[in-house]
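Novice: Just one file: query10.txt, with compact mmCIF, C-alpha atoms.
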# COMPACT_ATOMS: atom_id res chain seq x y z
CA MET R 1 7.11 54.35 -21.01
CA LEU R 2 6.39 54.65 -24.72
CA ARG R 3 4.22 52.11 -26.45
CA HIS R 4 3.75 51.36 -30.15
CA VAL R 5 0.98 48.90 -30.98
CA ILE R 6 -0.27 47.82 -34.42
CA ALA R 7 -3.29 45.52 -34.32
CA PRO R 8 -2.81 42.63 -36.78
CA SER R 9 -5.51 42.07 -39.36
CA VAL R 10 -5.10 38.27 -39.57
CA ARG R 11 -3.59 35.42 -37.54
CA TYR R 12 -4.10 36.87 -34.08
CA THR R 13 -5.68 35.74 -30.81
CA LYS R 14 -7.89 37.84 -28.57
CA ALA R 15 -6.60 37.53 -25.03
CA SER R 16 -8.77 38.19 -22.02
CA ASN R 17 -7.36 40.64 -19.50
CA ASP R 18 -8.54 38.26 -16.76
CA VAL R 19 -6.00 35.74 -18.03
CA VAL R 20 -3.18 38.16 -18.91
CA ARG R 21 -3.40 40.01 -15.57
CA HIS R 22 -4.19 37.00 -13.38
CA PRO R 23 -2.06 37.36 -10.21
CA ARG R 24 -1.93 33.61 -9.46
CA LEU R 25 -0.93 32.34 -12.92
CA ASP R 26 2.68 32.41 -14.06
CA SER R 27 3.78 33.25 -17.58
CA ASP R 28 3.87 29.59 -18.69
CA ALA R 29 0.26 28.99 -17.64
CA LYS R 30 -0.91 32.16 -19.39
CA LEU R 31 1.03 31.27 -22.55
CA LEU R 32 -0.50 27.79 -22.57
CA VAL R 33 -4.05 29.17 -22.36
CA LEU R 34 -3.43 31.71 -25.13
CA TYR R 35 -1.68 29.19 -27.39
CA VAL R 36 -4.44 26.57 -27.16
CA GLN R 37 -7.13 29.23 -27.52
CA GLY R 38 -5.69 30.35 -30.86
CA LEU R 39 -5.49 26.82 -32.36
CA PRO R 40 -8.05 25.63 -34.91
CA ASP R 41 -10.43 22.84 -33.93
CA ASP R 42 -8.59 20.09 -35.78
CA ALA R 43 -5.25 21.05 -34.20
CA SER R 44 -6.56 21.31 -30.63
CA ARG R 45 -7.76 17.69 -30.47
CA LYS R 46 -4.53 16.56 -28.84
CA PRO R 47 -3.43 16.03 -25.24
CA LEU R 48 -2.63 19.21 -23.37
CA GLY R 49 0.90 18.02 -22.62
CA GLU R 50 1.63 17.51 -26.32
CA LEU R 51 0.36 20.99 -27.17
CA ALA R 52 2.43 22.48 -24.37
CA GLY R 53 5.56 20.79 -25.70
CA LYS R 54 5.23 22.68 -28.99
CA VAL R 55 5.82 25.98 -27.16
CA GLY R 56 8.65 24.61 -25.03
CA ILE R 57 6.64 23.93 -21.85
CA LYS R 58 7.72 20.48 -20.71
CA GLY R 59 8.49 18.43 -17.64
CA ARG R 60 8.07 20.05 -14.26
CA VAL R 61 7.38 23.44 -15.83
CA TYR R 62 4.35 21.95 -17.57
CA GLN R 63 3.20 20.18 -14.42
CA LYS R 64 3.36 23.44 -12.46
CA ALA R 65 1.48 25.39 -15.13
CA LYS R 66 -1.18 22.70 -15.44
CA ARG R 67 -1.62 22.52 -11.65
CA GLN R 68 -2.24 26.29 -11.55
CA LEU R 69 -4.79 26.09 -14.36
CA VAL R 70 -6.62 23.24 -12.63
CA GLU R 71 -6.69 25.03 -9.27
CA HIS R 72 -8.17 28.20 -10.76
CA GLY R 73 -10.76 26.51 -12.98
CA TYR R 74 -9.18 26.88 -16.41
CA VAL R 75 -8.52 23.15 -16.94
CA HIS R 76 -10.91 20.28 -16.12
CA GLU R 77 -10.35 16.54 -16.65
CA TRP R 78 -12.52 13.38 -16.60
CA ARG R 79 -11.11 9.85 -16.58
CA SER R 80 -13.11 6.94 -17.98
CA GLN R 81 -12.44 3.34 -18.97
CA GLY R 82 -13.35 2.26 -22.44
CA GLU R 83 -13.48 -1.08 -24.22
CA GLY R 84 -10.58 -3.44 -23.64
CA GLY R 85 -9.80 -1.95 -20.24
CA ARG R 86 -7.98 1.09 -21.65
CA TRP R 87 -8.25 4.34 -19.71
CA GLN R 88 -8.61 7.72 -21.34
CA THR R 89 -8.74 11.29 -20.05
CA GLU R 90 -10.99 13.99 -21.49
CA GLN R 91 -9.61 17.48 -21.03
CA LEU R 92 -11.35 20.83 -21.24
CA LEU R 93 -9.38 24.09 -21.34
CA ALA R 94 -11.31 27.35 -21.08
CA ASN R 95 -10.18 30.96 -21.27
CA THR R 96 -12.46 31.83 -18.36
CA PRO R 97 -12.69 30.14 -14.94
CA LEU R 98 -15.39 27.46 -14.75
CA THR R 99 -16.78 25.48 -11.83
CA SER R 100 -17.00 21.70 -11.95
CA GLU R 101 -20.75 21.88 -12.66
CA GLN R 102 -20.29 24.36 -15.51
CA ALA R 103 -17.48 22.29 -17.00
CA GLY R 104 -19.66 19.17 -16.80
CA LEU R 105 -22.47 20.91 -18.69
CA LEU R 106 -20.03 22.04 -21.37
CA ARG R 107 -18.73 18.50 -21.64
CA THR R 108 -22.28 17.21 -22.21
CA ALA R 109 -23.07 19.86 -24.82
CA GLN R 110 -19.65 19.65 -26.51
CA PRO R 111 -20.63 17.19 -29.31
CA LEU R 112 -23.29 19.64 -30.51
CA VAL R 113 -20.74 22.44 -30.73
CA VAL R 114 -18.00 20.52 -32.55
CA ALA R 115 -20.27 18.69 -35.03
CA ALA R 116 -18.89 18.72 -38.57
CA ASP R 117 -20.36 21.33 -40.92
CA PRO R 118 -23.27 22.62 -38.81
CA PRO R 119 -25.97 24.38 -40.81
CA ALA R 120 -25.83 27.46 -38.66
CA THR R 121 -24.03 28.40 -35.47
CA PRO R 122 -26.38 29.93 -32.92
CA PRO R 123 -25.15 32.91 -30.93
CA PRO R 124 -23.58 32.18 -27.55
CA SER R 125 -26.67 33.41 -25.68
CA GLU R 126 -28.83 30.70 -27.33
CA GLN R 127 -26.46 27.86 -26.52
CA PHE R 128 -26.72 25.88 -23.32
CA PRO R 129 -24.99 26.46 -21.02
CA THR R 130 -24.02 30.14 -21.53
CA VAL R 131 -20.78 30.15 -19.55
CA GLY R 132 -18.03 31.23 -21.92
CA ALA R 133 -17.28 30.07 -25.40
CA PRO R 134 -16.94 26.29 -25.66
CA THR R 135 -13.73 24.91 -27.05
CA ALA R 136 -12.87 21.67 -28.80
CA ARG R 137 -12.84 18.65 -26.53
CA THR R 138 -9.45 17.00 -26.29
CA ALA R 139 -8.79 13.47 -25.13
CA GLY R 140 -5.74 12.10 -23.43
CA GLY R 141 -4.68 10.39 -20.28
CA TYR R 142 -1.97 10.15 -17.70
CA GLU R 143 -0.98 7.79 -14.93
CA PRO R 144 -2.35 9.38 -11.73
CA VAL R 145 0.61 8.51 -9.50
CA GLU R 146 3.97 8.29 -11.19
CA ASP R 147 3.69 8.83 -14.95
CA HIS R 148 2.10 12.26 -15.44
CA SER R 149 2.24 12.31 -19.22
CA ASP R 150 -0.89 12.99 -21.24
CA ARG R 151 -0.81 9.84 -23.31
CA THR R 152 -3.50 7.22 -23.09
CA THR R 153 -2.04 4.09 -21.49
CA PRO R 154 -3.63 0.76 -20.53
CA HIS R 155 -4.59 0.60 -16.86
CA PRO R 156 -4.77 -2.00 -15.47
CA PRO R 157 -2.41 -3.99 -17.75
CA THR R 158 -3.81 -6.56 -20.11
CA GLU R 159 -3.69 -10.06 -18.68
CA PRO R 160 -1.31 -12.40 -20.61
CA GLU R 161 -2.32 -15.55 -22.40
CA PRO R 162 -2.46 -18.85 -20.45
CA ASP R 163 0.95 -20.45 -20.04
CA PRO R 164 2.39 -23.19 -17.81
CA GLU R 165 4.71 -20.68 -16.18
CA PRO R 166 3.31 -18.96 -13.10
CA ALA R 167 4.04 -15.55 -14.64
CA ALA R 168 1.31 -16.04 -17.25
CA VAL R 169 -1.38 -17.57 -15.06
CA PRO R 170 -2.66 -14.60 -13.03
CA THR R 171 -5.62 -14.85 -10.74
CA PRO R 172 -8.32 -12.62 -12.20
CA GLU R 173 -10.29 -12.20 -9.00
CA PRO R 174 -9.58 -8.80 -7.40
CA ALA R 175 -9.14 -8.51 -3.68
CA PRO R 176 -12.48 -8.05 -1.93
CA GLN R 177 -13.11 -4.67 -0.37
CA ALA R 178 -14.29 -6.25 2.86
CA THR R 179 -10.88 -7.90 3.35
CA ALA R 180 -9.06 -4.63 2.69
CA ALA R 181 -11.26 -2.79 5.16
CA ALA R 182 -10.76 -5.45 7.84
CA ALA R 183 -6.96 -5.58 7.47
CA ASP R 184 -4.69 -3.66 9.80
CA PRO R 185 -3.66 -0.32 8.21
CA THR R 186 -0.14 -0.74 9.58
CA GLN R 187 0.19 -4.19 8.01
CA LEU R 188 -1.21 -2.88 4.72
CA ALA R 189 1.39 -0.12 4.67
CA ARG R 190 4.18 -2.65 5.34
CA ALA R 191 2.98 -4.95 2.57
CA GLU R 192 2.61 -2.07 0.10
CA ARG R 193 6.14 -0.89 0.91
CA VAL R 194 7.53 -4.36 0.18
CA LEU R 195 5.69 -4.57 -3.16
CA LEU R 196 6.89 -1.15 -4.29
CA SER R 197 10.50 -2.02 -3.36
CA LEU R 198 10.61 -4.96 -5.79
CA ARG R 199 11.35 -2.60 -8.70
CA HIS R 200 14.80 -1.87 -7.26
CA THR R 201 15.79 -5.53 -7.67
CA ARG R 202 13.87 -6.40 -10.87
CA ARG R 203 12.67 -3.72 -13.23
CA GLU R 204 10.08 -6.12 -14.67
CA LEU R 205 8.26 -6.11 -11.30
CA HIS R 206 7.61 -2.37 -11.42
CA LEU R 207 4.23 -1.58 -9.81
CA GLY R 208 2.21 1.58 -9.52
CA VAL R 209 0.78 2.74 -6.22
CA ARG R 210 -2.74 1.60 -7.14
CA GLU R 211 -1.49 -1.81 -8.24
CA ALA R 212 0.58 -2.27 -5.08
CA ARG R 213 -2.37 -1.20 -2.93
CA GLY R 214 -4.58 -3.82 -4.56
CA LEU R 215 -2.01 -6.60 -4.05
CA ALA R 216 -1.27 -5.54 -0.47
CA VAL R 217 -4.45 -7.30 0.71
CA GLU R 218 -2.96 -10.66 -0.32
CA ALA R 219 0.52 -9.77 0.96
CA VAL R 220 -0.87 -8.92 4.41
CA LYS R 221 -1.83 -12.58 4.84
CA TRP R 222 1.89 -13.47 4.73
CA LEU R 223 2.74 -10.95 7.42
CA GLU R 224 -0.16 -12.10 9.58
CA ARG R 225 1.24 -15.65 9.52
CA GLY R 226 4.49 -14.60 11.14
CA LEU R 227 6.70 -13.89 8.10
CA SER R 228 8.89 -10.80 8.09
CA GLU R 229 9.16 -8.23 5.31
CA SER R 230 12.48 -9.77 4.25
CA ASP R 231 10.90 -13.23 3.98
CA LEU R 232 8.04 -11.86 1.87
CA ARG R 233 10.43 -10.03 -0.46
CA HIS R 234 12.61 -13.13 -0.88
CA ALA R 235 9.56 -15.30 -1.70
CA LEU R 236 8.39 -12.88 -4.39
CA LEU R 237 11.83 -12.55 -6.01
CA ALA R 238 12.86 -16.23 -5.89
CA GLU R 239 12.58 -18.64 -8.85
CA ARG R 240 12.51 -16.25 -11.76
CA PRO R 241 10.49 -17.63 -14.72
CA GLN R 242 12.53 -18.63 -17.77
CA ASP R 243 10.38 -16.58 -20.17
CA GLY R 244 10.42 -13.52 -17.91
CA VAL R 245 7.46 -11.70 -16.40
CA ARG R 246 4.97 -10.24 -18.86
CA SER R 247 2.54 -8.94 -16.25
CA ALA R 248 3.92 -7.85 -12.90
CA VAL R 249 0.45 -7.67 -11.34
CA GLY R 250 -0.59 -11.11 -12.54
CA PHE R 251 2.71 -12.75 -11.61
CA LEU R 252 2.78 -11.32 -8.08
CA ARG R 253 -0.91 -12.05 -7.45
CA TYR R 254 -0.39 -15.68 -8.52
CA ARG R 255 2.67 -16.09 -6.31
CA LEU R 256 1.02 -14.43 -3.29
CA ILE R 257 -1.99 -16.73 -3.48
CA GLN R 258 -0.44 -20.02 -4.59
CA LYS R 259 2.65 -19.92 -2.36
CA LEU R 260 0.92 -18.67 0.78
CA PRO R 261 2.50 -20.60 3.69
CA GLU R 262 0.51 -22.66 6.14
CA PRO R 263 -0.72 -20.86 9.23
CA PRO R 264 1.36 -21.55 12.35
CA ALA R 265 0.12 -24.53 14.36
CA ARG R 266 -1.59 -23.58 17.57
CA GLN R 267 -0.29 -25.34 20.65
CA GLN R 268 -2.91 -27.01 22.77
CA PRO R 269 -3.00 -25.58 26.29
CA HIS R 270 -1.70 -27.95 28.99
CA GLU R 271 -4.54 -29.42 30.98
CA ARG R 272 -3.84 -29.58 34.69
CA PRO R 273 -5.10 -32.64 36.58
CA PRO R 274 -8.08 -32.02 38.83
CA LEU R 275 -7.29 -31.17 42.42
CA LEU R 276 -8.19 -33.67 45.15
CA GLU R 277 -10.41 -32.84 48.05
CA PRO R 278 -8.69 -31.72 51.29
CA VAL R 279 -7.99 -34.54 53.81
CA GLU R 280 -6.88 -34.55 57.45
CA CYS R 281 -3.15 -34.95 58.07
CA LYS R 282 -2.13 -38.07 60.03
CA GLY R 283 1.12 -36.59 61.24
CA PRO R 284 1.90 -35.38 64.76
CA GLY R 285 0.70 -32.06 66.10
CA ASP R 286 -2.63 -30.32 66.08
CA PRO R 287 -5.28 -31.63 63.68
CA HIS R 288 -5.14 -29.90 60.32
CA VAL R 289 -6.07 -30.63 56.72
CA PHE R 290 -4.16 -30.40 53.44
CA ARG R 291 -4.78 -31.07 49.73
CA PRO R 292 -2.85 -34.16 48.58
CA LEU R 293 -1.27 -34.32 45.14
CA LEU R 294 -0.45 -38.02 44.77
CA GLY R 295 -2.53 -39.64 47.50
CA GLU R 296 -0.14 -38.97 50.44
CA SER R 297 -1.53 -39.07 53.99
CA GLU R 298 0.69 -36.45 55.61
CA CYS R 299 1.11 -32.82 54.79
CA PRO R 300 4.41 -31.50 53.36
CA SER R 301 5.42 -29.93 56.69
CA CYS R 302 5.02 -33.19 58.60
CA ARG R 303 6.90 -35.19 55.98
CA LEU R 304 9.76 -32.67 55.99
CA ALA R 305 10.00 -32.80 59.80
CA ALA R 306 10.05 -36.60 59.75
CA ALA R 307 12.76 -36.64 57.08
CA ARG R 308 14.96 -34.27 59.08
CA SER R 309 14.59 -36.31 62.29
CA GLU R 310 15.64 -39.52 60.49
CA ALA R 311 18.59 -38.07 58.64
CA VAL R 312 20.27 -36.08 61.46
CA PRO R 313 21.44 -38.20 64.52
CA GLU R 314 21.29 -36.84 68.01
CA PRO R 315 24.42 -34.92 69.04
CA VAL R 316 26.99 -36.83 71.22
CA PRO R 317 28.65 -34.94 74.11
CA TRP R 318 32.33 -34.22 73.63
CA ARG R 319 33.41 -36.14 76.72
CA GLU R 320 31.77 -39.27 75.38
CA ARG R 321 33.42 -38.77 71.99
CA VAL R 322 36.89 -38.42 73.66
CA ALA R 323 36.32 -41.52 75.76
CA ARG R 324 35.42 -43.49 72.65
CA LEU R 325 38.61 -42.35 70.96
CA ASN R 326 40.80 -43.31 73.95
CA ALA R 327 39.16 -46.73 74.27
CA THR R 328 39.88 -47.55 70.62
CA PRO R 329 43.53 -48.80 70.20
CA THR R 330 45.42 -47.43 67.27
CA ALA R 331 46.64 -50.12 64.83
CA LEU R 332 50.43 -50.10 64.41
CA PRO R 333 52.09 -51.06 61.14
CA ALA R 334 53.75 -54.52 61.08
CA GLU R 335 57.58 -54.68 61.23
CA PRO R 336 59.39 -55.97 58.18
Just dump the structure as structure tokens.
Specialist:
Amino acid sequence: MLRHVIAPSVRYTKASNDVVRHPRLDSDAKLLVLYVQGLPDDASRKPLGELAGKVGIKGRVYQKAKRQLVEHGYVHEWRSQGEGGRWQTEQLLANTPLTSEQAGLLRTAQPLVVAADPPATPPPSEQFPTVGAPTARTAGGYEPVEDHSDRTTPHPPTEPEPDPEPAAVPTPEPAPQATAAAADPTQLARAERVLLSLRHTRRELHLGVREARGLAVEAVKWLERGLSESDLRHALLAERPQDGVRSAVGFLRYRLIQKLPEPPARQQPHERPPLLEPVECKGPGDPHVFRPLLGESECPSCRLAAARSEAVPEPVPWRERVARLNATPTALPAEP
């Protein structure tokens, strides 16, 4: 194989052989590392997904490349919640593998490295920590379950203003952890499945996995009171507000708490009357005792024998029956 190489004098990026020859990184992951490494500081302060889109790495291809970089220590992320309840993700991309501790130290020292117009840049050996060259810190965010984009999104959603409609009067109290821990895991899974299925009927009731898991604690109370999954789904979808639903979490939490049915009434156990003391039977035969139910003086066996003797007459011999028939004259019909 012939090779002709001319080293450029400007506008080039030094690539580490550890990245170029990495056996576990595909070409998209390597290209993403080299592209971001060659960007200036002001251009690299964007989400990693947006930078990847500029070189044609999008969708599942980007997710695969990012997963490889995270697994091998080239990409590290930290999620935090700022003012107003908005979540953001800080991302660090390095051209050398870093452990979580090393990436955390670089994150702490990053503001000193990216300060505007520093008087002098100390050599890498004098900076702390000395694990590779620090890069510009980028901020972004993504939904951890379903929406894997790198854009900062509000999570949880902002509660709507007060309104007479149930959709705008959410209950701000979150479900207590003790109740979630005490609930049956099987019932929690059933309730979460019902909540996630609401999106197929109404798009405005779309919930994330975290949101459904938080509301499942209240939905379990419906299942524990004897309602089926179909009954719970019908109760949550019935009576759609006229102004629509502005917060799926607030609307469903309000409906789960306010429309919780009454617990089933417990039937009082039947109290049996106290048993009487055994008494001696006054019927014929050997002396014996029995326990009366209604104050009777003879045992059931003696009463049954007496009833049979009174109901069945003694048998009459056949000769006597024939004689009785012959002695009885037959009545003839009168002549006209």
Novice: Give me the residues near R:Tyr74 as an MDAnalysis selection string, where near means some atom within 7 Å (using all atoms listed in the file) and where sequence neighbours in that chain fewer than 2 positions away do not count.
Specialist: chainID R and resid 69:70 72 76 93:98
Novice: So which one's closest to R:Leu31, R:Ala109, R:Leu276, R:Val19, R:Ala248? Using only C-alpha atoms, please.
Specialist: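 Once distances to R:Leu31 are computed over only C-alpha atoms, the minimum belongs to R:Val19.
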Novice: Extract, using all atoms listed in the file, all DNA, RNA and protein residues at most 10 Å from stretch 290-292 of chain R, discarding same-chain residues fewer than 5 positions from it, and format them as number ranges by chain.
Specialist: R: 275-281, 297-300
Novice: Hey, which of R:Cys302, R:Leu48, R:Ile6, R:Ala191 ends up closest to R:Thr89? Count only C-alpha atoms.
Specialist: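 Comparing R:Cys302, R:Leu48, R:Ile6, R:Ala191 against R:Thr89, the winner is R:Leu48.
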Novice: One number please: atom CA of R:Arg199 to atom CA of R:Ile257, in Å, one decimal.
Specialist: 20.1 Å
Novice: Using atom CA of R:Thr186 and atom CA of R:Arg203 as the two end points, give the distance in Å to one decimal.
Specialist: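 Calculated distance between atom CA of R:Thr186 and atom CA of R:Arg203 is 26.3 Å.
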Novice: Can you work out the spacing between atom CA of R:Gln91 and atom CA of R:Val55 in Å, to one decimal?
Specialist: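 Atom CA of R:Val55 lies at a distance of 18.7 Å from atom CA of R:Gln91.
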Novice: Using all atoms listed in the file, give me every residue within 12 Å of (2.1, -19.1, 10.8) in file coordinates, as a list in words.
Specialist: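 So the residues meeting the distance criterion are Lys221, Trp222, Leu223, Glu224, Arg225, Gly226, Leu227, Ser228, Leu260, Pro261, Glu262, Pro263, Pro264, Ala265, Arg266 and Gln267 of chain R.
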Novice: With all atoms listed in the file as the atoms that count, which of R:Val249, R:Leu188, R:Leu51, R:Leu25 lies nearest to R:Gly208?
Specialist: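 The answer is R:Val249, which sits nearest to R:Gly208.
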Novice: With all atoms listed in the file as the atoms that count, which of R:Arg253, R:Arg210, R:Lys259, R:Arg193 lies nearest to R:Glu229?
Specialist: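 Checking each candidate against R:Glu229, we get R:Arg193 as the closest.
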